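Q: The structure under discussion is supplied below as structure tokens; questions concerning it will follow.
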2 protein chains.
Amino acid sequence: MKIGFIGLGNMGAPMARNLAAAGHEVRGFDIAAPVPGGVVPAPSAAGAAEDAEVVITMLPNGDILRAVAGEVIPAMKKGAVFLDCSTVDVESARAVAGQAAEAGLLAMDAPVSGGVGGAQAGTLTFMAGGPAEAFEIVKPLFDVMGQKAVHCGAAGAGQAAKICNNMILGATMIATCEAFALADRLGLDRQKMYDVVSTSSGQSWSMNVYCPAPGVGPQSPADNDYRPGFAAELMLKDLRLARQAAETSGARTPMGAEAARVYEEFVERAGGRGRDFSAILPWLAGEFGNEG
Amino acid sequence: MKIGFIGLGNMGAPMARNLAAAGHEVRGFDIAAPVPGGVVPAPSAAGAAEDAEVVITMLPNGDILRAVAGEVIPAMKKGAVFLDCSTVDVESARAVAGQAAEAGLLAMDAPVSGGVGGAQAGTLTFMAGGPAEAFEIVKPLFDVMGQKAVHCGAAGAGQAAKICNNMILGATMIATCEAFALADRLGLDRQKMYDVVSTSSGQSWSMNVYCPAPGVGPQSPADNDYRPGFAAELMLKDLRLARQAAETSGARTPMGAEAARVYEEFVERAGGRGRDFSAILPWLAGEFGNEG
């Protein structure tokens, strides 16, 4: 398949490389990052998009997505798919999808989970929104770049699913870390707490799969000095998108808002930037960041 | 075994009945509730405790536990086990355990999860704190009243494990309900959200086992008009115990505190009393309680 790939950062570069390695003809563009091996450099975003059957964007936020879409959509041939894999606000996703549809393109938003490790290993999960026809066309590309793709509904549904999932994840991770820190204070052994909670109604992915306590549960970033993994500032980005979506749509999300507040403090004032999002535990336990 | 059972309410009565049905000699007392079939009525709490090898208490709060313990402990024979299955604050649990130990008794705190249904069916989970010797003695009773018992550590460790678990549970349930309510507003189908989140990093017992959305996921109180199950006011009680433990011990629990605030509003001002704790979802979705 002829693919244009715009945005070759930590996520985009390995995704583009995997597509090229699978035999697709990939033309790539980034304003700063180098083009990875196997990908043909394009002179501009529009240059990467011309003649492509699918254009994939992997960009940092909704404003940049809107700007790139404004340049790329007019350059694409009718019937091609505009596939945005960025994590952005639902409104930007829908605006760009509308613009693409007006230009005679098929549009799909498909943010990912799995992080840089998942992008490199080709094990990402895609949450996709847009017409079924577009999903069928890009499904083989999802299969190369990831191991799971869920078609969540119409335009914007992929972004909605991702922020709903990550809002739950952020709140649950903080609550799990709080419980470990409280257990410490109450003289309850962390391993014992894990044994109880991981087999009871407090169980979750945060506890059972990604346990924030070093030496407890399966291997996780906590066992690697809290190197990400999933960086705290990316969780903060997602929680801000959730808060924005709640405000715009009139939904009440008190725990989501509190989780955003906690990650804001952690990232911006307590030294959490660059650490895994589970490092809330050593912070709450007083191991760093309490000087301020 | 000769057992004294004090506190024969919604939980205590079926627990005592199950012990009697298993062939134990159970003498029961309650200031108000009737003594269930198979249990011999005692004239007082002290009367139920005399000659017993194990005295079990199932009481509504720490103040009542302290009062009952003051009457019962002096009446017990040395070497007997004082087994408190109430959910109370960690400080009361430790104070009573200390008093029992001074009187030559073995003391164990063992709050339960599983609710009235679990008490009736004999499928409770016990989280136990106290000496290993006491745990060995009462283990056969746990096996009658429940299906799982974890020895969590010294006195108070059972209460600590329960409030840590339920603090995570309360916060996670609210976050899960918020995500469904947000999905509604964003036009994301609830079943699609369940399909994504229950297999991704937002998964939890609240989502995967006890899904708060009717018709989605396995059968839960949501499919029975939110009849408990686990009543919202009992979750509020546990969240207040967690907050009290955090304040007393100097732990930081921002999500736990926010969860307590949300359940306070839900139970005390929004009509949530008597509903299952997962009824946060219809409340956030605007289906009731927003008149105030």
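We name chains A, B, ... following the order of the structure tokens; residues begin at 1 in each chain, and ligands are numbered from 1 as shown.
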Excluding stretch 2-16 of chain B and any residue of its chain fewer than 5 positions from it, enumerate the residues within 8 Å of it, using only C-alpha atoms, and give them as a ChimeraX atom specification.

A: /B:24-31,33-36,39,45,48-59,115-116,119-120,122,145

Q: Selected residues, C-alpha atoms, written as a PDB file, in the first residue's frame, please.

A:
ATOM      1  CA  HIS B  24     -20.993 -25.624  66.551  1.00  0.00           C
ATOM      2  CA  GLU B  25     -22.605 -24.727  69.872  1.00  0.00           C
ATOM      3  CA  VAL B  26     -23.518 -21.070  69.365  1.00  0.00           C
ATOM      4  CA  ARG B  27     -24.930 -18.789  72.069  1.00  0.00           C
ATOM      5  CA  GLY B  28     -26.101 -15.480  70.649  1.00  0.00           C
ATOM      6  CA  PHE B  29     -26.989 -12.023  71.925  1.00  0.00           C
ATOM      7  CA  ASP B  30     -28.215  -8.807  70.367  1.00  0.00           C
ATOM      8  CA  ILE B  31     -29.804  -5.792  72.035  1.00  0.00           C
ATOM      9  CA  ALA B  33     -32.394  -8.254  66.671  1.00  0.00           C
ATOM     10  CA  PRO B  34     -33.934 -11.715  67.120  1.00  0.00           C
ATOM     11  CA  VAL B  35     -31.724 -14.748  67.662  1.00  0.00           C
ATOM     12  CA  PRO B  36     -31.741 -16.901  64.503  1.00  0.00           C
ATOM     13  CA  VAL B  39     -28.580 -20.368  67.977  1.00  0.00           C
ATOM     14  CA  ALA B  45     -23.365 -10.113  75.927  1.00  0.00           C
ATOM     15  CA  ALA B  48     -22.986 -15.270  75.537  1.00  0.00           C
ATOM     16  CA  ALA B  49     -19.250 -15.011  76.214  1.00  0.00           C
ATOM     17  CA  GLU B  50     -18.923 -17.163  79.345  1.00  0.00           C
ATOM     18  CA  ASP B  51     -17.402 -20.605  78.672  1.00  0.00           C
ATOM     19  CA  ALA B  52     -16.972 -19.792  74.960  1.00  0.00           C
ATOM     20  CA  GLU B  53     -13.766 -20.842  73.234  1.00  0.00           C
ATOM     21  CA  VAL B  54     -14.339 -18.113  70.644  1.00  0.00           C
ATOM     22  CA  VAL B  55     -16.419 -14.947  70.998  1.00  0.00           C
ATOM     23  CA  ILE B  56     -17.381 -13.336  67.697  1.00  0.00           C
ATOM     24  CA  THR B  57     -18.604  -9.745  67.527  1.00  0.00           C
ATOM     25  CA  MET B  58     -20.326  -8.209  64.486  1.00  0.00           C
ATOM     26  CA  LEU B  59     -21.134  -4.609  65.398  1.00  0.00           C
ATOM     27  CA  GLY B 115     -22.037  -8.343  52.056  1.00  0.00           C
ATOM     28  CA  VAL B 116     -25.314  -9.869  53.226  1.00  0.00           C
ATOM     29  CA  ALA B 119     -22.918 -13.911  54.800  1.00  0.00           C
ATOM     30  CA  GLN B 120     -26.006 -15.928  53.865  1.00  0.00           C
ATOM     31  CA  GLY B 122     -21.158 -18.600  53.533  1.00  0.00           C
ATOM     32  CA  MET B 145     -18.717 -18.547  57.241  1.00  0.00           C
TER      33      MET B 145
END

Q: Up to 8 Å from chain A, what residues of chain B turn up? Count only C-alpha atoms and give them as a PyMOL selection string.

A: chain B and resi 127+150+152-153+157+160-161+164-169+171-172+174-176+178-183+185-189+192-193+196-197+200-206+245-246+249-256+258-259+262+284-285

Q: Any chance you could export the current selection's C-alpha atoms as a PDB file, in the first residue's frame?

A:
ATOM      1  CA  MET B 127      -9.122 -10.045  56.294  1.00  0.00           C
ATOM      2  CA  VAL B 150      -6.120 -13.945  54.570  1.00  0.00           C
ATOM      3  CA  CYS B 152      -2.714  -9.844  56.987  1.00  0.00           C
ATOM      4  CA  GLY B 153      -0.485  -9.265  60.026  1.00  0.00           C
ATOM      5  CA  ALA B 157      -4.000  -5.329  59.954  1.00  0.00           C
ATOM      6  CA  ALA B 160      -6.204  -1.751  57.473  1.00  0.00           C
ATOM      7  CA  ALA B 161      -6.449  -4.190  54.554  1.00  0.00           C
ATOM      8  CA  CYS B 164      -7.251   0.105  51.772  1.00  0.00           C
ATOM      9  CA  ASN B 165      -9.170  -2.250  49.473  1.00  0.00           C
ATOM     10  CA  ASN B 166     -12.424  -0.361  49.783  1.00  0.00           C
ATOM     11  CA  MET B 167     -10.809   3.036  49.342  1.00  0.00           C
ATOM     12  CA  ILE B 168      -9.463   1.802  45.991  1.00  0.00           C
ATOM     13  CA  LEU B 169     -12.844   0.256  45.178  1.00  0.00           C
ATOM     14  CA  ALA B 171     -12.531   5.649  43.893  1.00  0.00           C
ATOM     15  CA  THR B 172     -12.394   3.204  40.996  1.00  0.00           C
ATOM     16  CA  ILE B 174     -16.789   6.489  40.741  1.00  0.00           C
ATOM     17  CA  ALA B 175     -14.159   6.921  38.014  1.00  0.00           C
ATOM     18  CA  THR B 176     -15.725   4.062  36.044  1.00  0.00           C
ATOM     19  CA  GLU B 178     -17.817   9.017  35.329  1.00  0.00           C
ATOM     20  CA  ALA B 179     -16.303   7.452  32.229  1.00  0.00           C
ATOM     21  CA  PHE B 180     -19.645   5.926  31.203  1.00  0.00           C
ATOM     22  CA  ALA B 181     -21.423   9.247  31.780  1.00  0.00           C
ATOM     23  CA  LEU B 182     -18.745  11.059  29.771  1.00  0.00           C
ATOM     24  CA  ALA B 183     -19.006   8.458  27.004  1.00  0.00           C
ATOM     25  CA  ARG B 185     -22.103  12.840  26.304  1.00  0.00           C
ATOM     26  CA  LEU B 186     -19.451  12.180  23.677  1.00  0.00           C
ATOM     27  CA  GLY B 187     -21.715   9.820  21.733  1.00  0.00           C
ATOM     28  CA  LEU B 188     -19.602   6.757  22.509  1.00  0.00           C
ATOM     29  CA  ASP B 189     -21.735   3.641  22.901  1.00  0.00           C
ATOM     30  CA  LYS B 192     -18.158  -0.198  22.914  1.00  0.00           C
ATOM     31  CA  MET B 193     -16.586   1.551  25.888  1.00  0.00           C
ATOM     32  CA  VAL B 196     -12.328  -1.345  25.033  1.00  0.00           C
ATOM     33  CA  VAL B 197     -11.832  -0.599  28.726  1.00  0.00           C
ATOM     34  CA  SER B 200      -7.330  -2.460  28.395  1.00  0.00           C
ATOM     35  CA  SER B 201      -5.528  -0.583  31.145  1.00  0.00           C
ATOM     36  CA  GLY B 202      -8.777   0.823  32.571  1.00  0.00           C
ATOM     37  CA  GLN B 203      -9.975  -2.635  33.573  1.00  0.00           C
ATOM     38  CA  SER B 204     -10.911  -3.313  37.192  1.00  0.00           C
ATOM     39  CA  TRP B 205     -13.318  -5.290  39.328  1.00  0.00           C
ATOM     40  CA  SER B 206     -15.712  -2.311  39.109  1.00  0.00           C
ATOM     41  CA  ALA B 245      -7.028   6.452  59.292  1.00  0.00           C
ATOM     42  CA  ALA B 246      -5.237   8.736  56.807  1.00  0.00           C
ATOM     43  CA  SER B 249      -1.548   8.414  60.528  1.00  0.00           C
ATOM     44  CA  GLY B 250      -0.558  11.409  58.407  1.00  0.00           C
ATOM     45  CA  ALA B 251      -1.051   9.717  55.024  1.00  0.00           C
ATOM     46  CA  ARG B 252      -2.034  11.690  51.893  1.00  0.00           C
ATOM     47  CA  THR B 253      -5.087  10.230  50.158  1.00  0.00           C
ATOM     48  CA  PRO B 254      -6.506  12.846  47.775  1.00  0.00           C
ATOM     49  CA  MET B 255      -8.547  10.400  45.674  1.00  0.00           C
ATOM     50  CA  GLY B 256      -9.856   8.636  48.761  1.00  0.00           C
ATOM     51  CA  GLU B 258     -12.657  12.975  46.950  1.00  0.00           C
ATOM     52  CA  ALA B 259     -14.415   9.597  46.806  1.00  0.00           C
ATOM     53  CA  VAL B 262     -18.773  12.204  46.291  1.00  0.00           C
ATOM     54  CA  LEU B 284     -24.020  11.328  37.185  1.00  0.00           C
ATOM     55  CA  ALA B 285     -26.000  10.635  34.024  1.00  0.00           C
TER      56      ALA B 285
END

Q: Could you give me the residues within stretch 55-258 of chain B that DSSP places in strand (DSSP E or B), as an MDAnalysis selection string?

A: chainID B and resid 55:57 81:84 106:109 112:113 124:129 146:153 204 231

Q: Give me, as a tab-separated table (two decimals) with N, CA, C and O atoms, in the first residue's frame, the residues of stretch 77-175 of chain B that a backbone DSSP run labels helix (DSSP H, G or I).

A:
chain	number	residue	atom	x	y	z
B	90	VAL	N	-9.18	1.55	62.70
B	90	VAL	CA	-8.00	0.79	63.08
B	90	VAL	C	-7.65	1.03	64.55
B	90	VAL	O	-7.25	0.10	65.27
B	91	GLU	N	-7.84	2.25	65.04
B	91	GLU	CA	-7.49	2.55	66.43
B	91	GLU	C	-8.37	1.78	67.42
B	91	GLU	O	-7.88	1.27	68.42
B	92	SER	N	-9.66	1.73	67.15
B	92	SER	CA	-10.55	0.96	68.04
B	92	SER	C	-10.17	-0.52	68.01
B	92	SER	O	-10.14	-1.19	69.05
B	93	ALA	N	-9.89	-1.03	66.81
B	93	ALA	CA	-9.51	-2.44	66.68
B	93	ALA	C	-8.27	-2.73	67.53
B	93	ALA	O	-8.21	-3.73	68.26
B	94	ARG	N	-7.28	-1.83	67.46
B	94	ARG	CA	-6.04	-2.06	68.22
B	94	ARG	C	-6.26	-1.88	69.71
B	94	ARG	O	-5.68	-2.62	70.52
B	95	ALA	N	-7.10	-0.92	70.11
B	95	ALA	CA	-7.36	-0.70	71.53
B	95	ALA	C	-8.02	-1.93	72.14
B	95	ALA	O	-7.63	-2.40	73.22
B	96	VAL	N	-9.00	-2.46	71.46
B	96	VAL	CA	-9.72	-3.63	71.96
B	96	VAL	C	-8.81	-4.86	71.98
B	96	VAL	O	-8.83	-5.66	72.93
B	97	ALA	N	-7.97	-5.00	70.94
B	97	ALA	CA	-7.04	-6.13	70.91
B	97	ALA	C	-6.06	-6.05	72.08
B	97	ALA	O	-5.74	-7.07	72.71
B	98	GLY	N	-5.61	-4.82	72.40
B	98	GLY	CA	-4.69	-4.66	73.52
B	98	GLY	C	-5.33	-5.04	74.84
B	98	GLY	O	-4.74	-5.73	75.68
B	99	GLN	N	-6.58	-4.61	74.98
B	99	GLN	CA	-7.35	-4.91	76.19
B	99	GLN	C	-7.54	-6.43	76.34
B	99	GLN	O	-7.38	-6.98	77.43
B	100	ALA	N	-7.85	-7.09	75.24
B	100	ALA	CA	-8.05	-8.54	75.27
B	100	ALA	C	-6.75	-9.27	75.61
B	100	ALA	O	-6.74	-10.21	76.42
B	101	ALA	N	-5.65	-8.82	75.02
B	101	ALA	CA	-4.36	-9.46	75.29
B	101	ALA	C	-3.99	-9.32	76.77
B	101	ALA	O	-3.51	-10.26	77.40
B	102	GLU	N	-4.23	-8.14	77.32
B	102	GLU	CA	-3.94	-7.91	78.75
B	102	GLU	C	-4.74	-8.85	79.64
B	102	GLU	O	-4.30	-9.22	80.73
B	115	GLY	N	-20.70	-8.85	51.79
B	115	GLY	CA	-22.04	-8.34	52.06
B	115	GLY	C	-23.00	-9.38	52.60
B	115	GLY	O	-22.62	-10.50	52.96
B	116	VAL	N	-24.28	-9.00	52.66
B	116	VAL	CA	-25.31	-9.87	53.23
B	116	VAL	C	-25.43	-11.15	52.41
B	116	VAL	O	-25.58	-12.25	52.96
B	117	GLY	N	-25.33	-11.03	51.10
B	117	GLY	CA	-25.40	-12.22	50.25
B	117	GLY	C	-24.29	-13.21	50.58
B	117	GLY	O	-24.52	-14.41	50.67
B	118	GLY	N	-23.09	-12.69	50.79
B	118	GLY	CA	-21.96	-13.54	51.14
B	118	GLY	C	-22.11	-14.16	52.52
B	118	GLY	O	-21.69	-15.30	52.76
B	119	ALA	N	-22.69	-13.38	53.45
B	119	ALA	CA	-22.92	-13.91	54.80
B	119	ALA	C	-23.92	-15.05	54.75
B	119	ALA	O	-23.76	-16.08	55.41
B	120	GLN	N	-24.98	-14.89	53.97
B	120	GLN	CA	-26.01	-15.93	53.86
B	120	GLN	C	-25.47	-17.18	53.19
B	120	GLN	O	-25.71	-18.30	53.64
B	121	ALA	N	-24.72	-16.97	52.12
B	121	ALA	CA	-24.23	-18.11	51.34
B	121	ALA	C	-22.98	-18.74	51.94
B	121	ALA	O	-22.53	-19.79	51.48
B	132	ALA	N	-0.72	-15.43	64.96
B	132	ALA	CA	-0.89	-16.62	64.12
B	132	ALA	C	-1.65	-17.71	64.86
B	132	ALA	O	-2.46	-18.44	64.26
B	133	GLU	N	-1.41	-17.80	66.19
B	133	GLU	CA	-2.08	-18.81	67.01
B	133	GLU	C	-3.61	-18.64	66.95
B	133	GLU	O	-4.36	-19.61	66.83
B	134	ALA	N	-4.04	-17.39	67.04
B	134	ALA	CA	-5.48	-17.11	66.97
B	134	ALA	C	-6.04	-17.47	65.60
B	134	ALA	O	-7.12	-18.05	65.46
B	135	PHE	N	-5.27	-17.13	64.55
B	135	PHE	CA	-5.72	-17.42	63.19
B	135	PHE	C	-5.94	-18.92	62.99
B	135	PHE	O	-6.94	-19.34	62.40
B	136	GLU	N	-5.02	-19.72	63.53
B	136	GLU	CA	-5.15	-21.18	63.38
B	136	GLU	C	-6.41	-21.69	64.08
B	136	GLU	O	-7.10	-22.58	63.57
B	137	ILE	N	-6.70	-21.13	65.26
B	137	ILE	CA	-7.87	-21.59	66.02
B	137	ILE	C	-9.17	-21.26	65.28
B	137	ILE	O	-10.09	-22.09	65.20
B	138	VAL	N	-9.26	-20.04	64.73
B	138	VAL	CA	-10.55	-19.63	64.14
B	138	VAL	C	-10.66	-19.98	62.66
B	138	VAL	O	-11.74	-19.84	62.07
B	139	LYS	N	-9.58	-20.45	62.06
B	139	LYS	CA	-9.61	-20.78	60.62
B	139	LYS	C	-10.79	-21.69	60.26
B	139	LYS	O	-11.47	-21.43	59.25
B	140	PRO	N	-11.09	-22.74	61.04
B	140	PRO	CA	-12.24	-23.59	60.68
B	140	PRO	C	-13.57	-22.82	60.70
B	140	PRO	O	-14.50	-23.18	59.95
B	141	LEU	N	-13.65	-21.78	61.52
B	141	LEU	CA	-14.88	-20.98	61.55
B	141	LEU	C	-14.96	-20.09	60.30
B	141	LEU	O	-16.04	-19.91	59.71
B	142	PHE	N	-13.82	-19.52	59.91
B	142	PHE	CA	-13.78	-18.76	58.65
B	142	PHE	C	-14.24	-19.66	57.50
B	142	PHE	O	-14.96	-19.22	56.60
B	143	ASP	N	-13.80	-20.91	57.54
B	143	ASP	CA	-14.15	-21.83	56.43
B	143	ASP	C	-15.65	-22.11	56.38
B	143	ASP	O	-16.18	-22.39	55.30
B	144	VAL	N	-16.32	-22.04	57.54
B	144	VAL	CA	-17.77	-22.22	57.55
B	144	VAL	C	-18.47	-20.95	57.05
B	144	VAL	O	-19.39	-21.01	56.23
B	145	MET	N	-18.01	-19.81	57.54
B	145	MET	CA	-18.72	-18.55	57.24
B	145	MET	C	-18.30	-17.95	55.90
B	145	MET	O	-18.99	-17.08	55.37
B	157	ALA	N	-4.37	-5.14	61.36
B	157	ALA	CA	-4.00	-5.33	59.95
B	157	ALA	C	-5.20	-5.75	59.10
B	157	ALA	O	-5.27	-5.42	57.91
B	158	GLY	N	-6.15	-6.45	59.69
B	158	GLY	CA	-7.35	-6.81	58.96
B	158	GLY	C	-8.16	-5.58	58.59
B	158	GLY	O	-8.57	-5.40	57.44
B	159	GLN	N	-8.36	-4.69	59.59
B	159	GLN	CA	-9.08	-3.43	59.31
B	159	GLN	C	-8.33	-2.60	58.27
B	159	GLN	O	-8.94	-2.00	57.38
B	160	ALA	N	-7.00	-2.54	58.42
B	160	ALA	CA	-6.20	-1.75	57.47
B	160	ALA	C	-6.37	-2.28	56.05
B	160	ALA	O	-6.57	-1.51	55.10
B	161	ALA	N	-6.31	-3.60	55.89
B	161	ALA	CA	-6.45	-4.19	54.55
B	161	ALA	C	-7.83	-3.89	53.98
B	161	ALA	O	-7.97	-3.57	52.80
B	162	LYS	N	-8.85	-3.98	54.83
B	162	LYS	CA	-10.20	-3.74	54.31
B	162	LYS	C	-10.37	-2.29	53.86
B	162	LYS	O	-10.91	-2.04	52.78
B	163	ILE	N	-9.92	-1.32	54.67
B	163	ILE	CA	-10.16	0.06	54.24
B	163	ILE	C	-9.28	0.43	53.05
B	163	ILE	O	-9.68	1.22	52.21
B	164	CYS	N	-8.08	-0.15	52.96
B	164	CYS	CA	-7.25	0.10	51.77
B	164	CYS	C	-7.95	-0.44	50.53
B	164	CYS	O	-8.04	0.24	49.50
B	165	ASN	N	-8.46	-1.66	50.61
B	165	ASN	CA	-9.17	-2.25	49.47
B	165	ASN	C	-10.39	-1.41	49.10
B	165	ASN	O	-10.61	-1.08	47.93
B	166	ASN	N	-11.17	-1.04	50.10
B	166	ASN	CA	-12.42	-0.36	49.78
B	166	ASN	C	-12.23	1.09	49.39
B	166	ASN	O	-13.04	1.65	48.65
B	167	MET	N	-11.12	1.70	49.83
B	167	MET	CA	-10.81	3.04	49.34
B	167	MET	C	-10.50	2.97	47.84
B	167	MET	O	-10.99	3.80	47.06
B	168	ILE	N	-9.72	1.98	47.43
B	168	ILE	CA	-9.46	1.80	45.99
B	168	ILE	C	-10.78	1.53	45.26
B	168	ILE	O	-11.06	2.12	44.21
B	169	LEU	N	-11.58	0.64	45.82
B	169	LEU	CA	-12.84	0.26	45.18
B	169	LEU	C	-13.77	1.46	44.98
B	169	LEU	O	-14.32	1.64	43.89
B	170	GLY	N	-13.94	2.26	46.03
B	170	GLY	CA	-14.84	3.42	45.92
B	170	GLY	C	-14.38	4.40	44.86
B	170	GLY	O	-15.16	4.86	44.02
B	171	ALA	N	-13.07	4.70	44.87
B	171	ALA	CA	-12.53	5.65	43.89
B	171	ALA	C	-12.65	5.09	42.48
B	171	ALA	O	-13.02	5.81	41.54
B	172	THR	N	-12.35	3.81	42.32
B	172	THR	CA	-12.39	3.20	41.00
B	172	THR	C	-13.82	3.13	40.47
B	172	THR	O	-14.07	3.35	39.28
B	173	MET	N	-14.77	2.81	41.35
B	173	MET	CA	-16.16	2.74	40.90
B	173	MET	C	-16.64	4.11	40.42
B	173	MET	O	-17.28	4.21	39.36
B	174	ILE	N	-16.35	5.16	41.19
B	174	ILE	CA	-16.79	6.49	40.74
B	174	ILE	C	-16.15	6.82	39.40
B	174	ILE	O	-16.83	7.29	38.47
B	175	ALA	N	-14.84	6.60	39.27
B	175	ALA	CA	-14.16	6.92	38.01
B	175	ALA	C	-14.77	6.14	36.84
B	175	ALA	O	-14.93	6.68	35.74

Q: Could you state the separation of atom CA of B:Asp109 and atom CA of B:Asp89 in Å, given to one decimal place?

A: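 These two atoms are separated by 10.8 Å.
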
Q: With only C-alpha atoms as the counted atoms, please give the residues lying no more than 9 Å from A:Asn61, apart from itself and same-chain residues fewer than 2 positions off, as a ChimeraX atom specification.

A: /A:59,63-66,86-89

Q: Separation of atom CA of B:Pro282 and atom CA of B:Asn224, in Å?

A: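 Between these atoms lies a distance of 13.1 Å.
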
Q: Please list as a PyMOL selection string every residue within 8 Å of A:Val72, counting only C-alpha atoms and excluding residues in the same chain fewer than 3 positions away.

A: chain A and resi 45-46+49+68-69+75-76

Q: Just the selected residues (N, CA and C atoms), exported as a PDB file, in the first residue's frame, please.

A:
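This is the output file out_37.pdb:
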ATOM      1  N   ALA A  45       4.745  17.928   4.190  1.00  0.00           N
ATOM      2  CA  ALA A  45       3.607  17.097   4.580  1.00  0.00           C
ATOM      3  C   ALA A  45       2.753  16.793   3.354  1.00  0.00           C
ATOM      4  N   ALA A  46       2.484  17.833   2.543  1.00  0.00           N
ATOM      5  CA  ALA A  46       1.679  17.627   1.344  1.00  0.00           C
ATOM      6  C   ALA A  46       2.368  16.664   0.386  1.00  0.00           C
ATOM      7  N   ALA A  49       1.770  13.187   1.254  1.00  0.00           N
ATOM      8  CA  ALA A  49       0.370  12.785   1.125  1.00  0.00           C
ATOM      9  C   ALA A  49      -0.055  12.511  -0.312  1.00  0.00           C
ATOM     10  N   VAL A  68      -1.767  20.692  10.204  1.00  0.00           N
ATOM     11  CA  VAL A  68      -1.267  19.704   9.234  1.00  0.00           C
ATOM     12  C   VAL A  68      -2.397  19.249   8.305  1.00  0.00           C
ATOM     13  N   ALA A  69      -3.578  19.017   8.889  1.00  0.00           N
ATOM     14  CA  ALA A  69      -4.721  18.578   8.071  1.00  0.00           C
ATOM     15  C   ALA A  69      -5.050  19.616   7.008  1.00  0.00           C
ATOM     16  N   ALA A  75      -4.169  18.005  -0.646  1.00  0.00           N
ATOM     17  CA  ALA A  75      -3.184  17.325  -1.508  1.00  0.00           C
ATOM     18  C   ALA A  75      -3.536  15.860  -1.757  1.00  0.00           C
ATOM     19  N   MET A  76      -4.489  15.317  -0.979  1.00  0.00           N
ATOM     20  CA  MET A  76      -4.782  13.877  -1.074  1.00  0.00           C
ATOM     21  C   MET A  76      -5.742  13.572  -2.225  1.00  0.00           C
TER      22      MET A  76
END

Q: Could you work out how far atom CA of A:Phe82 lies from atom CA of A:Gly104, giving the answer in Å with one decimal?

A: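 Computing the Euclidean distance for atom CA of A:Gly104 and atom CA of A:Phe82 yields 10.5 Å.
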
Q: Determine, counting only C-alpha atoms, which protein, DNA and RNA residues have an atom within 8 Å of an atom of A:Leu236; residues of the same chain fewer than 3 positions away are not included. Present the result as a short mmCIF file (atom, residue, chain, number, x, y, z; two decimals) with C-alpha atoms, in the first residue's frame.

A:
data_model
loop_
_atom_site.label_atom_id
_atom_site.label_comp_id
_atom_site.auth_asym_id
_atom_site.auth_seq_id
_atom_site.Cartn_x
_atom_site.Cartn_y
_atom_site.Cartn_z
CA ALA A 232 3.45 10.99 34.10
CA GLU A 233 3.30 14.03 31.79
CA LEU A 239 -6.43 13.79 31.92
CA ARG A 240 -6.51 17.36 30.62
CA ALA A 260 -5.75 15.79 36.76
CA TYR A 263 -0.84 14.73 38.21
CA GLU A 264 -0.50 18.48 37.65
CA VAL A 267 4.51 16.76 37.11
#
